[in-house]
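Engineer: my_file-v6.cif is reproduced below (mmCIF, C-alpha atoms and all ligand atoms).
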data_input
loop_
_atom_site.group_PDB
_atom_site.id
_atom_site.type_symbol
_atom_site.label_atom_id
_atom_site.label_comp_id
_atom_site.auth_asym_id
_atom_site.auth_seq_id
_atom_site.Cartn_x
_atom_site.Cartn_y
_atom_site.Cartn_z
ATOM 1 C CA MET A 27 12.769 50.025 108.185
ATOM 2 C CA ASN A 28 12.906 51.451 104.612
ATOM 3 C CA ARG A 29 10.788 51.065 101.516
ATOM 4 C CA PHE A 30 12.108 47.520 100.866
ATOM 5 C CA GLY A 31 10.936 46.572 104.309
ATOM 6 C CA LEU A 32 14.460 45.446 105.234
ATOM 7 C CA PRO A 33 16.516 46.415 108.267
ATOM 8 C CA PRO A 34 19.257 48.901 107.092
ATOM 9 C CA GLN A 35 22.183 46.575 107.975
ATOM 10 C CA ILE A 36 20.697 43.794 105.804
ATOM 11 C CA LEU A 37 20.142 46.227 102.932
ATOM 12 C CA ARG A 38 23.796 47.322 103.182
ATOM 13 C CA LEU A 39 24.914 43.686 103.112
ATOM 14 C CA VAL A 40 22.760 42.976 100.044
ATOM 15 C CA LEU A 41 24.144 46.050 98.239
ATOM 16 C CA LEU A 42 27.715 45.148 99.196
ATOM 17 C CA THR A 43 27.252 41.577 97.946
ATOM 18 C CA ALA A 44 25.771 42.858 94.667
ATOM 19 C CA LEU A 45 28.726 45.236 94.289
ATOM 20 C CA ILE A 46 31.307 42.460 94.855
ATOM 21 C CA VAL A 47 29.577 39.995 92.519
ATOM 22 C CA GLY A 48 29.059 42.756 89.919
ATOM 23 C CA THR A 49 32.733 43.842 90.041
ATOM 24 C CA TYR A 50 33.828 40.221 89.708
ATOM 25 C CA ALA A 51 31.531 39.633 86.708
ATOM 26 C CA VAL A 52 32.744 42.796 84.915
ATOM 27 C CA ALA A 53 36.434 42.069 85.686
ATOM 28 C CA ARG A 54 36.072 38.460 84.526
ATOM 29 C CA THR A 55 34.556 39.566 81.211
ATOM 30 C CA LEU A 56 37.181 42.271 80.622
ATOM 31 C CA LEU A 57 40.248 40.339 81.777
ATOM 32 C CA THR A 58 39.639 36.830 80.389
ATOM 33 C CA PRO A 59 41.659 36.386 77.153
ATOM 34 C CA ALA A 60 39.565 35.802 74.039
ATOM 35 C CA THR A 61 40.494 32.153 73.426
ATOM 36 C CA PHE A 62 40.346 31.019 77.051
ATOM 37 C CA GLY A 63 38.330 27.833 77.396
ATOM 38 C CA GLN A 64 38.343 27.084 73.649
ATOM 39 C CA TYR A 65 39.768 23.577 74.252
ATOM 40 C CA GLY A 66 40.056 23.407 78.030
ATOM 41 C CA HIS A 67 41.037 25.409 81.063
ATOM 42 C CA TYR A 68 43.724 27.415 79.211
ATOM 43 C CA ARG A 69 44.122 29.896 76.336
ATOM 44 C CA GLY A 70 43.462 28.193 72.985
ATOM 45 C CA ALA A 71 45.892 30.596 71.272
ATOM 46 C CA ALA A 72 48.703 29.399 73.581
ATOM 47 C CA LEU A 73 48.883 26.166 71.555
ATOM 48 C CA GLU A 74 49.645 28.029 68.320
ATOM 49 C CA GLU A 75 52.109 30.351 70.048
ATOM 50 C CA THR A 76 54.058 27.433 71.513
ATOM 51 C CA ALA A 77 53.982 25.425 68.282
ATOM 52 C CA SER A 78 55.251 28.366 66.220
ATOM 53 C CA ARG A 79 58.494 28.714 68.224
ATOM 54 C CA LYS A 80 61.607 27.537 66.420
ATOM 55 C CA PRO A 81 63.166 24.490 68.113
ATOM 56 C CA LEU A 82 66.649 25.243 69.519
ATOM 57 C CA PHE A 83 67.793 21.626 69.304
ATOM 58 C CA ALA A 84 68.441 20.225 65.842
ATOM 59 C CA GLY A 85 68.102 16.578 66.906
ATOM 60 C CA ALA A 86 70.346 13.521 67.014
ATOM 61 C CA LYS A 87 70.538 12.971 63.247
ATOM 62 C CA ALA A 88 71.019 16.585 62.163
ATOM 63 C CA CYS A 89 74.831 16.544 62.413
ATOM 64 C CA ASP A 90 75.476 13.357 60.391
ATOM 65 C CA GLU A 91 75.067 15.062 57.031
ATOM 66 C CA CYS A 92 78.163 17.272 57.474
ATOM 67 C CA HIS A 93 80.082 15.563 60.284
ATOM 68 C CA SER A 94 79.697 11.887 59.410
ATOM 69 C CA ASP A 95 83.353 11.324 60.405
ATOM 70 C CA VAL A 96 82.651 12.521 63.964
ATOM 71 C CA SER A 97 79.329 10.662 64.139
ATOM 72 C CA GLU A 98 81.084 7.447 63.209
ATOM 73 C CA LYS A 99 83.696 7.910 65.929
ATOM 74 C CA ALA A 100 81.044 8.809 68.496
ATOM 75 C CA THR A 101 79.068 5.612 67.866
ATOM 76 C CA LYS A 102 82.170 3.721 69.031
ATOM 77 C CA GLY A 103 82.804 6.010 72.001
ATOM 78 C CA HIS A 104 80.312 8.298 73.697
ATOM 79 C CA LYS A 105 77.552 6.271 72.095
ATOM 80 C CA LEU A 106 74.807 6.792 74.656
ATOM 81 C CA ILE A 107 74.734 10.579 74.438
ATOM 82 C CA SER A 108 73.836 12.751 71.485
ATOM 83 C CA CYS A 109 75.954 15.503 69.936
ATOM 84 C CA GLU A 110 73.913 18.300 71.406
ATOM 85 C CA SER A 111 74.159 16.976 74.966
ATOM 86 C CA CYS A 112 77.734 18.309 74.826
ATOM 87 C CA HIS A 113 77.669 20.883 72.042
ATOM 88 C CA SER A 114 74.432 22.369 73.336
ATOM 89 C CA ALA A 115 71.395 23.346 71.273
ATOM 90 C CA SER A 116 72.802 23.866 67.761
ATOM 91 C CA SER A 117 69.941 24.352 65.324
ATOM 92 C CA ALA A 118 71.292 27.828 64.435
ATOM 93 C CA HIS A 119 74.610 26.211 63.418
ATOM 94 C CA VAL A 120 72.776 23.553 61.370
ATOM 95 C CA ARG A 121 70.910 26.229 59.433
ATOM 96 C CA ASN A 122 74.065 28.293 58.990
ATOM 97 C CA PRO A 123 77.467 26.689 59.785
ATOM 98 C CA ASP A 124 79.067 30.168 59.954
ATOM 99 C CA ILE A 125 77.334 30.485 63.317
ATOM 100 C CA THR A 126 79.747 28.564 65.514
ATOM 101 C CA THR A 127 78.732 26.198 68.276
ATOM 102 C CA VAL A 128 79.279 26.938 71.966
ATOM 103 C CA LYS A 129 82.908 26.721 73.160
ATOM 104 C CA LEU A 130 83.260 23.759 75.513
ATOM 105 C CA THR A 131 85.195 23.699 78.775
ATOM 106 C CA ASP A 132 86.114 21.049 81.352
ATOM 107 C CA ASN A 133 82.819 21.777 83.053
ATOM 108 C CA SER A 134 81.060 20.352 79.982
ATOM 109 C CA CYS A 135 82.571 16.972 80.954
ATOM 110 C CA LEU A 136 82.296 17.345 84.716
ATOM 111 C CA ARG A 137 78.562 17.951 84.427
ATOM 112 C CA CYS A 138 78.285 14.199 83.858
ATOM 113 C CA HIS A 139 81.560 12.826 85.287
ATOM 114 C CA SER A 140 82.320 14.589 88.557
ATOM 115 C CA SER A 141 81.909 12.039 91.317
ATOM 116 C CA ASP A 142 78.522 12.174 92.941
ATOM 117 C CA PRO A 143 77.024 9.481 95.172
ATOM 118 C CA ALA A 144 73.663 10.087 93.484
ATOM 119 C CA ARG A 145 75.020 8.729 90.183
ATOM 120 C CA PRO A 146 74.941 4.979 89.496
ATOM 121 C CA ALA A 147 78.287 3.329 90.386
ATOM 122 C CA ARG A 148 78.647 1.826 86.882
ATOM 123 C CA HIS A 149 78.849 5.352 85.439
ATOM 124 C CA LYS A 150 82.524 6.390 85.336
ATOM 125 C CA GLN A 151 83.279 9.316 87.608
ATOM 126 C CA VAL A 152 86.329 11.234 88.772
ATOM 127 C CA THR A 153 87.107 13.332 91.810
ATOM 128 C CA THR A 154 88.239 16.652 90.347
ATOM 129 C CA ILE A 155 90.896 17.495 92.936
ATOM 130 C CA GLU A 156 92.530 14.071 92.526
ATOM 131 C CA HIS A 157 92.136 13.559 88.766
ATOM 132 C CA TYR A 158 94.947 15.577 87.146
ATOM 133 C CA PRO A 159 93.897 19.024 88.390
ATOM 134 C CA GLY A 160 95.185 21.890 86.264
ATOM 135 C CA ASP A 161 95.071 19.902 83.000
ATOM 136 C CA HIS A 162 92.177 19.983 80.548
ATOM 137 C CA CYS A 163 90.144 16.819 80.007
ATOM 138 C CA ILE A 164 90.602 16.751 76.237
ATOM 139 C CA GLU A 165 94.404 16.899 76.530
ATOM 140 C CA CYS A 166 94.168 13.244 77.607
ATOM 141 C CA HIS A 167 90.701 12.062 76.485
ATOM 142 C CA LEU A 168 89.305 12.117 72.962
ATOM 143 C CA PRO A 169 85.926 13.784 73.474
ATOM 144 C CA HIS A 170 84.140 11.627 70.912
ATOM 145 C CA GLN A 171 85.943 8.398 71.801
ATOM 146 C CA PRO A 172 86.981 8.680 75.438
ATOM 147 C CA ASN A 173 87.458 4.898 75.560
ATOM 148 C CA LYS A 174 90.358 5.187 73.066
ATOM 149 C CA SER A 175 93.737 6.660 73.979
ATOM 150 C CA PRO A 176 94.657 9.788 72.000
HETATM 151 C C1 LIG A 201 81.200 14.149 75.319
HETATM 152 C C2 LIG A 201 80.921 15.435 74.728
HETATM 153 C C3 LIG A 201 80.808 15.489 73.227
HETATM 154 C C4 LIG A 201 79.926 14.812 72.425
HETATM 155 C C5 LIG A 201 78.848 13.814 72.836
HETATM 156 C C6 LIG A 201 80.193 15.236 71.077
HETATM 157 N N1 LIG A 201 81.212 16.161 71.070
HETATM 158 FE FE1 LIG A 201 82.011 17.065 69.452
HETATM 159 N N2 LIG A 201 83.467 17.891 70.592
HETATM 160 C C7 LIG A 201 83.527 17.817 71.974
HETATM 161 C C8 LIG A 201 84.685 18.550 72.441
HETATM 162 C C9 LIG A 201 85.110 18.714 73.905
HETATM 163 C C10 LIG A 201 85.349 19.048 71.286
HETATM 164 C C11 LIG A 201 86.651 19.858 71.254
HETATM 165 C C12 LIG A 201 86.496 21.191 70.634
HETATM 166 C C13 LIG A 201 85.818 22.250 71.480
HETATM 167 O O1 LIG A 201 86.468 22.839 72.355
HETATM 168 O O2 LIG A 201 84.639 22.586 71.199
HETATM 169 C C14 LIG A 201 84.547 18.618 70.145
HETATM 170 C C15 LIG A 201 84.819 18.932 68.824
HETATM 171 C C16 LIG A 201 83.948 18.715 67.756
HETATM 172 C C17 LIG A 201 84.154 19.185 66.392
HETATM 173 C C18 LIG A 201 85.313 20.004 65.854
HETATM 174 C C19 LIG A 201 86.600 19.262 65.890
HETATM 175 C C20 LIG A 201 86.563 17.872 65.315
HETATM 176 O O3 LIG A 201 86.859 16.907 66.067
HETATM 177 O O4 LIG A 201 86.226 17.700 64.128
HETATM 178 C C21 LIG A 201 83.075 18.761 65.656
HETATM 179 C C22 LIG A 201 82.816 18.975 64.189
HETATM 180 C C23 LIG A 201 82.201 18.011 66.567
HETATM 181 N N3 LIG A 201 82.764 18.009 67.823
HETATM 182 C C24 LIG A 201 81.000 17.421 66.203
HETATM 183 C C25 LIG A 201 80.307 16.532 66.987
HETATM 184 C C26 LIG A 201 79.213 15.695 66.514
HETATM 185 C C27 LIG A 201 78.669 15.693 65.099
HETATM 186 C C28 LIG A 201 78.802 14.944 67.564
HETATM 187 C C29 LIG A 201 77.743 13.863 67.590
HETATM 188 C C30 LIG A 201 77.950 12.724 66.739
HETATM 189 C C31 LIG A 201 79.629 15.312 68.708
HETATM 190 N N4 LIG A 201 80.522 16.268 68.309
HETATM 191 C C32 LIG A 201 79.496 14.784 69.982
HETATM 192 C C33 LIG A 201 82.631 17.156 72.796
HETATM 193 C C34 LIG A 201 81.632 16.328 72.358
HETATM 194 C C1 LIG A 202 75.227 21.997 56.842
HETATM 195 C C2 LIG A 202 76.420 21.361 57.344
HETATM 196 C C3 LIG A 202 76.577 21.263 58.863
HETATM 197 C C4 LIG A 202 75.714 20.692 59.764
HETATM 198 C C5 LIG A 202 74.340 20.068 59.495
HETATM 199 C C6 LIG A 202 76.390 20.743 61.042
HETATM 200 N N1 LIG A 202 77.604 21.350 60.910
HETATM 201 FE FE1 LIG A 202 78.984 21.647 62.376
HETATM 202 N N2 LIG A 202 80.234 22.565 61.039
HETATM 203 C C7 LIG A 202 79.969 22.733 59.703
HETATM 204 C C8 LIG A 202 81.084 23.482 59.090
HETATM 205 C C9 LIG A 202 81.196 23.863 57.624
HETATM 206 C C10 LIG A 202 81.999 23.750 60.143
HETATM 207 C C11 LIG A 202 83.308 24.526 60.066
HETATM 208 C C12 LIG A 202 84.388 23.703 59.411
HETATM 209 C C13 LIG A 202 84.847 22.563 60.260
HETATM 210 O O1 LIG A 202 85.517 22.794 61.277
HETATM 211 O O2 LIG A 202 84.550 21.384 59.909
HETATM 212 C C14 LIG A 202 81.440 23.145 61.348
HETATM 213 C C15 LIG A 202 82.058 23.180 62.588
HETATM 214 C C16 LIG A 202 81.568 22.578 63.734
HETATM 215 C C17 LIG A 202 82.244 22.549 65.014
HETATM 216 C C18 LIG A 202 83.586 23.172 65.319
HETATM 217 C C19 LIG A 202 83.441 24.483 66.042
HETATM 218 C C20 LIG A 202 82.578 25.475 65.289
HETATM 219 O O3 LIG A 202 81.439 25.725 65.728
HETATM 220 O O4 LIG A 202 83.021 25.978 64.225
HETATM 221 C C21 LIG A 202 81.436 21.877 65.884
HETATM 222 C C22 LIG A 202 81.702 21.600 67.348
HETATM 223 C C23 LIG A 202 80.252 21.456 65.139
HETATM 224 N N3 LIG A 202 80.363 21.900 63.842
HETATM 225 C C24 LIG A 202 79.204 20.752 65.681
HETATM 226 C C25 LIG A 202 78.042 20.438 65.014
HETATM 227 C C26 LIG A 202 76.910 19.769 65.619
HETATM 228 C C27 LIG A 202 76.842 19.342 67.064
HETATM 229 C C28 LIG A 202 75.964 19.620 64.641
HETATM 230 C C29 LIG A 202 74.593 19.007 64.775
HETATM 231 C C30 LIG A 202 73.687 19.608 65.753
HETATM 232 C C31 LIG A 202 76.501 20.199 63.414
HETATM 233 N N4 LIG A 202 77.749 20.684 63.680
HETATM 234 C C32 LIG A 202 75.836 20.241 62.211
HETATM 235 C C33 LIG A 202 78.870 22.288 59.018
HETATM 236 C C34 LIG A 202 77.761 21.678 59.585
HETATM 237 C C1 LIG A 203 75.757 14.067 78.965
HETATM 238 C C2 LIG A 203 76.655 13.313 79.820
HETATM 239 C C3 LIG A 203 78.101 13.187 79.445
HETATM 240 C C4 LIG A 203 78.983 14.208 79.139
HETATM 241 C C5 LIG A 203 78.688 15.692 79.026
HETATM 242 C C6 LIG A 203 80.276 13.589 78.995
HETATM 243 N N1 LIG A 203 80.178 12.249 79.181
HETATM 244 FE FE1 LIG A 203 81.715 10.911 79.196
HETATM 245 N N2 LIG A 203 80.403 9.369 79.379
HETATM 246 C C7 LIG A 203 79.043 9.499 79.475
HETATM 247 C C8 LIG A 203 78.429 8.180 79.383
HETATM 248 C C9 LIG A 203 76.937 7.879 79.431
HETATM 249 C C10 LIG A 203 79.492 7.269 79.242
HETATM 250 C C11 LIG A 203 79.385 5.756 79.021
HETATM 251 C C12 LIG A 203 79.789 5.471 77.586
HETATM 252 C C13 LIG A 203 78.705 5.781 76.564
HETATM 253 O O1 LIG A 203 78.391 6.932 76.241
HETATM 254 O O2 LIG A 203 78.180 4.820 76.015
HETATM 255 C C14 LIG A 203 80.734 8.046 79.256
HETATM 256 C C15 LIG A 203 81.992 7.520 79.207
HETATM 257 C C16 LIG A 203 83.163 8.249 79.381
HETATM 258 C C17 LIG A 203 84.488 7.720 79.647
HETATM 259 C C18 LIG A 203 84.819 6.244 79.823
HETATM 260 C C19 LIG A 203 85.088 5.606 78.505
HETATM 261 C C20 LIG A 203 85.403 4.142 78.667
HETATM 262 O O3 LIG A 203 84.569 3.331 78.262
HETATM 263 O O4 LIG A 203 86.465 3.851 79.200
HETATM 264 C C21 LIG A 203 85.370 8.754 79.703
HETATM 265 C C22 LIG A 203 86.866 8.707 79.955
HETATM 266 C C23 LIG A 203 84.597 9.963 79.450
HETATM 267 N N3 LIG A 203 83.264 9.617 79.280
HETATM 268 C C24 LIG A 203 85.130 11.230 79.380
HETATM 269 C C25 LIG A 203 84.403 12.369 79.059
HETATM 270 C C26 LIG A 203 84.987 13.634 78.700
HETATM 271 C C27 LIG A 203 86.467 13.925 78.615
HETATM 272 C C28 LIG A 203 83.940 14.496 78.500
HETATM 273 C C29 LIG A 203 83.994 15.942 78.045
HETATM 274 C C30 LIG A 203 84.573 16.184 76.738
HETATM 275 C C31 LIG A 203 82.702 13.754 78.737
HETATM 276 N N4 LIG A 203 83.026 12.452 79.042
HETATM 277 C C32 LIG A 203 81.430 14.294 78.690
HETATM 278 C C33 LIG A 203 78.351 10.662 79.656
HETATM 279 C C34 LIG A 203 78.864 11.936 79.449
HETATM 280 C C1 LIG A 204 96.750 14.136 82.355
HETATM 281 C C2 LIG A 204 95.776 13.348 81.644
HETATM 282 C C3 LIG A 204 94.335 13.378 82.083
HETATM 283 C C4 LIG A 204 93.530 14.491 82.254
HETATM 284 C C5 LIG A 204 93.886 15.958 82.130
HETATM 285 C C6 LIG A 204 92.218 13.989 82.562
HETATM 286 N N1 LIG A 204 92.231 12.604 82.583
HETATM 287 FE FE1 LIG A 204 90.656 11.401 82.933
HETATM 288 N N2 LIG A 204 91.848 9.761 82.877
HETATM 289 C C7 LIG A 204 93.193 9.780 82.560
HETATM 290 C C8 LIG A 204 93.713 8.420 82.659
HETATM 291 C C9 LIG A 204 95.174 7.979 82.397
HETATM 292 C C10 LIG A 204 92.621 7.582 83.041
HETATM 293 C C11 LIG A 204 92.589 6.083 83.299
HETATM 294 C C12 LIG A 204 93.267 5.725 84.618
HETATM 295 C C13 LIG A 204 92.652 6.472 85.787
HETATM 296 O O1 LIG A 204 91.513 6.170 86.174
HETATM 297 O O2 LIG A 204 93.344 7.389 86.335
HETATM 298 C C14 LIG A 204 91.479 8.467 83.169
HETATM 299 C C15 LIG A 204 90.186 8.043 83.507
HETATM 300 C C16 LIG A 204 89.071 8.845 83.437
HETATM 301 C C17 LIG A 204 87.703 8.373 83.615
HETATM 302 C C18 LIG A 204 87.289 6.937 83.871
HETATM 303 C C19 LIG A 204 87.410 6.683 85.351
HETATM 304 C C20 LIG A 204 87.105 5.239 85.695
HETATM 305 O O3 LIG A 204 86.514 5.041 86.764
HETATM 306 O O4 LIG A 204 87.427 4.362 84.904
HETATM 307 C C21 LIG A 204 86.886 9.445 83.460
HETATM 308 C C22 LIG A 204 85.373 9.471 83.551
HETATM 309 C C23 LIG A 204 87.731 10.597 83.227
HETATM 310 N N3 LIG A 204 89.051 10.203 83.226
HETATM 311 C C24 LIG A 204 87.243 11.887 83.040
HETATM 312 C C25 LIG A 204 88.073 13.012 82.994
HETATM 313 C C26 LIG A 204 87.570 14.365 83.033
HETATM 314 C C27 LIG A 204 86.097 14.746 83.088
HETATM 315 C C28 LIG A 204 88.644 15.191 82.960
HETATM 316 C C29 LIG A 204 88.671 16.708 82.988
HETATM 317 C C30 LIG A 204 88.107 17.325 84.186
HETATM 318 C C31 LIG A 204 89.828 14.337 82.884
HETATM 319 N N4 LIG A 204 89.433 13.036 82.922
HETATM 320 C C32 LIG A 204 91.119 14.798 82.787
HETATM 321 C C33 LIG A 204 93.926 10.875 82.207
HETATM 322 C C34 LIG A 204 93.501 12.209 82.306
#
Represent the supplied structure as structure tokens.
Ligand code: HEC
Ligand code: HEC
Ligand code: HEC
Ligand code: HEC
Structural biologist:
Amino acid sequence: MNRFGLPPQILRLVLLTALIVGTYAVARTLLTPATFGQYGHYRGAALEETASRKPLFAGAKACDECHSDVSEKATKGHKLISCESCHSASSAHVRNPDITTVKLTDNSCLRCHSSDPARPARHKQVTTIEHYPGDHCIECHLPHQPNKSP
């Protein structure tokens, strides 16, 4: 027995518990970011940070202004997909046309057209090893109007 009138093992447990809770309270105060909990269970400042990033995609209408000829063709051909689904995120090119878009390869087409049982049957697909291997897709297909013969 000591001056608190507690058995020593209980006193040690009480001190240990106080130490753990105390460490947690100090760490929580020091490590929680300033705006945490401002709006919910996340950092309030994260909203501003995310909103201030520049979008990489320019959007479906952004190309019409300078490439209306291509847009017109595409509405009669690959009409369901937007320019950037092939040409990739191009907002840098929209801001400054001297920055070229990504170079496309056959894989850009095969991403959507290589035969895959998971795709709906109505979507046109080819088996790469049987469909003119060695030749490039755009030698035979117009990329913007694949339904029209070149
Ligand atoms: C199905 C994929 C696909 C889609 C969708 C697509 N393109 Fe293309 N585009 C190509 C390919 C492949 C080329 C060939 C040149 C290359 O290697 O980059 C090309 C070439 C071009 C060129 C340069 C040559 C030319 O034909 O004038 C421009 C400009 C262009 N595309 C703009 C557009 C715009 C604008 C849209 C949307 C309306 C669009 N593309 C949609 C695949 C596509
Ligand atoms: C402000 C005008 C402008 C806008 C907007 C624009 N382009 Fe272009 N683009 C050009 C010019 C200029 C060229 C180079 C000359 C040419 O080949 O027609 C070009 C060339 C291209 C080419 C040929 C390869 C290259 O990069 O040089 C592709 C592909 C292309 N643009 C795609 C797009 C797509 C996709 C969009 C929409 C996201 C777009 N462009 C929006 C002006 C523009
Ligand atoms: C993002 C997916 C996607 C990419 C990438 C893509 N396609 Fe397509 N393709 C489609 C869809 C969806 C259709 C159905 C027609 C439409 O767009 O309305 C189609 C239709 C076609 C057709 C059938 C046209 C017809 O009606 O007979 C051919 C051929 C074709 N694409 C070739 C290509 C080639 C070549 C490329 C590469 C330059 C390519 N596709 C890239 C989605 C894609
Ligand atoms: C040597 C020319 C040639 C090349 C290269 C070629 N195709 Fe074709 N493609 C054709 C012809 C011709 C047809 C229509 C008859 C057929 O189905 O074989 C066709 C049909 C298609 C179809 C429609 C299939 C259907 O079920 O109606 C798609 C999708 C297609 N090709 C995608 C591609 C892709 C993607 C590439 C590149 C990996 C490619 N093609 C390369 C000539 C070619």
Engineer: Please write as a list in words the full residue list that the PyMOL selection byres (((chain A and resi 82) around 6) and not hetatm) yields on this file.
Structural biologist: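 Selection result, ordered by chain and number: Pro81, Phe83, Ala115 and Ser117 of chain A.
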Engineer: Give as a PyMOL selection string the residues surrounding ligand LIG 203 (chain A) up to a distance of 10 Å, considering all atoms listed in the file.
Structural biologist: chain A and resi 100-114+130-140+148-152+162-175
Engineer: May I have a table of the residues of region 49-111 of chain A lying at most 12 Å from region 119-126 of chain A, giving each one's closest pair of atoms and their distance in Å to one decimal, counting all atoms listed in the file, ordered by chain and ascending residue number, as JSON lines?
Structural biologist:
{"residue": "A:Lys80", "atom": "CA", "partner": "A:Arg121", "partner_atom": "CA", "distance": 11.7}
{"residue": "A:Pro81", "atom": "CA", "partner": "A:Arg121", "partner_atom": "CA", "distance": 11.8}
{"residue": "A:Leu82", "atom": "CA", "partner": "A:His119", "partner_atom": "CA", "distance": 10.1}
{"residue": "A:Phe83", "atom": "CA", "partner": "A:Val120", "partner_atom": "CA", "distance": 9.6}
{"residue": "A:Ala84", "atom": "CA", "partner": "A:Val120", "partner_atom": "CA", "distance": 7.1}
{"residue": "A:Gly85", "atom": "CA", "partner": "A:Val120", "partner_atom": "CA", "distance": 10.1}
{"residue": "A:Ala86", "atom": "CA", "partner": "A:Val120", "partner_atom": "CA", "distance": 11.8}
{"residue": "A:Lys87", "atom": "CA", "partner": "A:Val120", "partner_atom": "CA", "distance": 11.0}
{"residue": "A:Ala88", "atom": "CA", "partner": "A:Val120", "partner_atom": "CA", "distance": 7.2}
{"residue": "A:Cys89", "atom": "CA", "partner": "A:Val120", "partner_atom": "CA", "distance": 7.4}
{"residue": "A:Asp90", "atom": "CA", "partner": "A:Val120", "partner_atom": "CA", "distance": 10.6}
{"residue": "A:Glu91", "atom": "CA", "partner": "A:Val120", "partner_atom": "CA", "distance": 9.8}
{"residue": "A:Cys92", "atom": "CA", "partner": "A:Val120", "partner_atom": "CA", "distance": 9.1}
{"residue": "A:His93", "atom": "CA", "partner": "A:Val120", "partner_atom": "CA", "distance": 10.9}
{"residue": "A:Glu110", "atom": "CA", "partner": "A:His119", "partner_atom": "CA", "distance": 11.3}
Engineer: Enter the distance from atom C17 of ligand LIG 202 (chain A) to CA of Pro176 (chain A), in Å, rounded to one decimal.
Structural biologist: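 Between atom C17 of ligand LIG 202 (chain A) and CA of Pro176 (chain A) the gap works out to 19.1 Å.
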Engineer: Between CA of Leu56 (chain A) and CA of Ala44 (chain A), what distance in Å does the model show, to one decimal?
Structural biologist: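 These atoms are spaced 18.1 Å apart.
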Engineer: For a test of reading the model, state the distance in Å between atom C15 of ligand LIG 202 (chain A) and CA of Asp95 (chain A), rounded to one decimal.
Structural biologist: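 Here the two named atoms are 12.1 Å from each other.
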Engineer: Which residue out of A:Ile46, A:Leu73, A:Pro146, A:Ser141 has the minimum interatomic distance to ligand LIG 204 (chain A) when all atoms listed in the file are used?
Structural biologist: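 Comparing A:Ile46, A:Leu73, A:Pro146, A:Ser141 against ligand LIG 204 (chain A), the winner is A:Ser141.
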